[in-house]
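Worksheet: one structure, shown below.
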Amino acid sequence: MRMTKALSLIALGCLASTAALAQKTAVQSIEEYRAMLQDGNPADLFEAKGEDLWKQKRGPKNASLEKCDLGKGPGVVKGAFVELPRFFADTRKVQDLESRLLTCMETLQGLDAGQIAKTPFGKGEQNNMTALATWISAESKGMKFNLSQAHAQEKVFYEVGKRLFFQRGGPHDFSCASCHGQDNTRIRLQDLPNLTRNPGDGVGFAAWPAYRVSNGQMWAMQQRLNDCYRQQRFPYPGFASDATVALGVYLGVNSHGSASVAPAIKR
Amino acid sequence: MADPMRIRAQAAGDKATVRVLMSHEMESGQRKDASGKTVPAWFIQEVEAKLNGKSVMTAEWGPAVSKNPFLQFAVKGAKAGDKIAVTWKDNKGDTRTDEATVS
């Protein structure tokens, strides 16, 4: 009797150590897989398309986006991405990259911003939006996030974003923090960054826009947030809505000083 | 109209490594759309690489190759300044050729 007990204890011990080993290997092989993909990131294709779109004369006003002010003056793209979202005096709103692009597409090119916001991801003008966001983020690759909190509105958006991050709801009683409020957790094989503090270089906010290999899609931040809400079984937030921008401010300010790797590549 | 490829070619020693990123849907013909209808197959069938106009590699591809495929190969005897041209042709007859200079 005693013998059996001792034996089963040994067996249990073995099981535990194999599990620990297997877990480590899985994470490592994912790292390896990502490293292999890194060289031929198809985000390059979207980047090239975005650059063309920026310079191309389009819309009812037949104008390019080259005079678009992303926060560092009209036409300045380099470094703009790591300072967004920010407050814009002309629209009197805090805007992220995509909501700002909507403004520019409407004011400069005469395109219908409301219509674009209503277009589903991956269709029509939304594809152009993603390509533009990819190129603009790539222009700030390697730079460190430095979001302003100088304006009162920016502070308000940070607090609102924080509230939204911890707000539980939906049929699963989920919040963003349910998955992204702890260190070293995973969902299936994906590491979940802790976004309540700075997750470090190239993680979380600093890793989007990104190309998803599994579905061959390029996603910018708005689509990333939209899909988080889908997974929580929340109603979809509006494209470029204040709620999504506020979450962006919260995540972006938390990532202060971390380097952006966007456009990244994901499983 | 197909989007351009991205071709990078770098010489090292007596050969050059060529990396090609193609923009293509690569629809397998196995998937169904929201209304239950099969999405027609649409994929690259032939790939050819030329070094200074001379064919150095041909490949036959099928529907199992991923969307936006990445292709890497080595060309013996390619030097800096040589021209590498890559052509693909898909099952709809659409084709695209892009060229890069070996660096």
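Residue names in the structure tokens use chain letters A, B, ... in the order shown, residue numbers from 1 in each chain, and ligand numbers from 1 in the order shown.
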
Write out as a Markdown table the residues of chain A that have any atom within 8 Å of an atom of chain B, one row each with the nearest atom pair and its distance in Å to one decimal, counting only C-alpha atoms, sorted by chain and then rising number.
| residue | atom | partner | partner_atom | distance |
| --- | --- | --- | --- | --- |
| A:Gly40 | CA | B:Phe70 | CA | 5.9 |
| A:Pro42 | CA | B:Asn68 | CA | 6.4 |
| A:Asp44 | CA | B:Arg6 | CA | 7.8 |
| A:Leu45 | CA | B:Ser23 | CA | 6.8 |
| A:Gly216 | CA | B:Lys67 | CA | 6.0 |

* DSSP on the backbone: what in segment 5-230 of chain A comes out alpha helix (DSSP H), as a PyMOL selection string? -> chain A and resi 5-38+43-55+97-107+113-118+124-138+152-166+176-180+221-230

* To do: Could you tell me which of B:Ala9, B:Val86, B:Ala34, B:Ala100 comes closest to Glu48 of chain B if we count only C-alpha atoms?
  =>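 Answer, going by the shortest atom-to-atom distance: B:Val86.
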
* To do: Would you kindly return, as a PyMOL selection string, each protein, DNA or RNA residue with an atom no farther than 7 Å from any atom of segment 77-89 of chain A, considering only C-alpha atoms and excluding same-chain residues fewer than 4 positions away?
  => chain A and resi 70-72+93-97+136-137+139-140+143-148+151+153-154+245+248-249

* **Shell of 10 Å around Glu46 of chain B, only C-alpha atoms, local chain residues under 5 positions omitted, as an NGL selection string** => :B and (58-62 or 87-91 or 95)

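The space between atom CA of Ser103 of chain B and atom CA of Val56 of chain B spans 18.0 Å.
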
* To do: Using DSSP on the backbone, list every residue of chain B that comes out as strand (DSSP E or B), and give them as a PyMOL selection string.
  => chain B and resi 6-12+15-21+27+32+38+42+44-51+54-60+70-76+83-90+95-101

* **Interatomic distance, atom CA of Gln38 of chain A to atom CA of Arg212 of chain A (Å, one decimal)** =>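 Atom CA of Gln38 of chain A sits 11.9 Å away from atom CA of Arg212 of chain A.
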
* Can you work out the spacing between atom CA of Phe121 of chain A and atom CA of Cys179 of chain A in Å, to one decimal? => 23.9 Å

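Using only C-alpha atoms, the residues found no farther than 9 Å from Met105 of chain A, other than those of its own chain fewer than 6 positions away, are Gly59, Ser64, Leu65, Cys68, Leu111, Asp112 and Ala113 of chain A.
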
Counting only C-alpha atoms, what is within 7 Å of segment 251-263 of chain A, bar same-chain residues fewer than 5 positions away, as a compact mmCIF listing (two decimals) with C-alpha atoms, in the first residue's frame?
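Ended up saving to around.txt:
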# COMPACT_ATOMS: atom_id res chain seq x y z
CA ALA A 43 3.02 44.25 -43.66
CA THR A 134 0.54 50.78 -41.44
CA SER A 137 3.34 53.61 -37.95
CA ALA A 138 6.30 52.24 -39.91
CA LYS A 141 9.44 52.27 -36.09
CA GLY A 142 11.85 51.95 -33.18
CA MET A 143 10.88 55.31 -31.68
CA LYS A 144 9.66 55.53 -28.10
CA PHE A 145 6.08 56.28 -27.10
CA ASN A 146 5.71 59.76 -25.71
CA LEU A 147 2.04 60.67 -25.40
CA LEU A 195 -1.60 46.36 -20.05
CA ARG A 197 1.28 48.99 -16.60
CA ASN A 198 4.08 49.34 -19.15
CA PRO A 199 4.42 45.95 -20.89
CA GLY A 200 7.78 46.92 -22.45
CA ASP A 201 9.21 47.43 -25.92
CA GLY A 202 7.15 46.11 -28.81
CA PHE A 205 0.08 49.01 -27.73
CA ALA A 206 3.59 49.11 -29.24
CA ALA A 207 2.93 46.08 -31.50
CA TRP A 208 0.00 47.31 -33.61
CA PRO A 209 -0.71 47.74 -36.55
CA ALA A 210 0.25 44.12 -37.19

* If we count only C-alpha atoms, what is near Val27 of chain A at a cut-off of 9 Å, once residues fewer than 6 positions away on the same chain are taken out, given as a list in words? -> Leu189, Gln190 and Asp191 of chain A

Quick one: write out the picked residues with C-alpha atoms as a PDB file, in the first residue's frame?
ATOM      1  CA  LEU A 189      -0.681  29.736 -26.881  1.00  0.00           C
ATOM      2  CA  GLN A 190      -0.703  33.519 -26.974  1.00  0.00           C
ATOM      3  CA  ASP A 191       1.059  35.483 -24.279  1.00  0.00           C
TER       4      ASP A 191
END
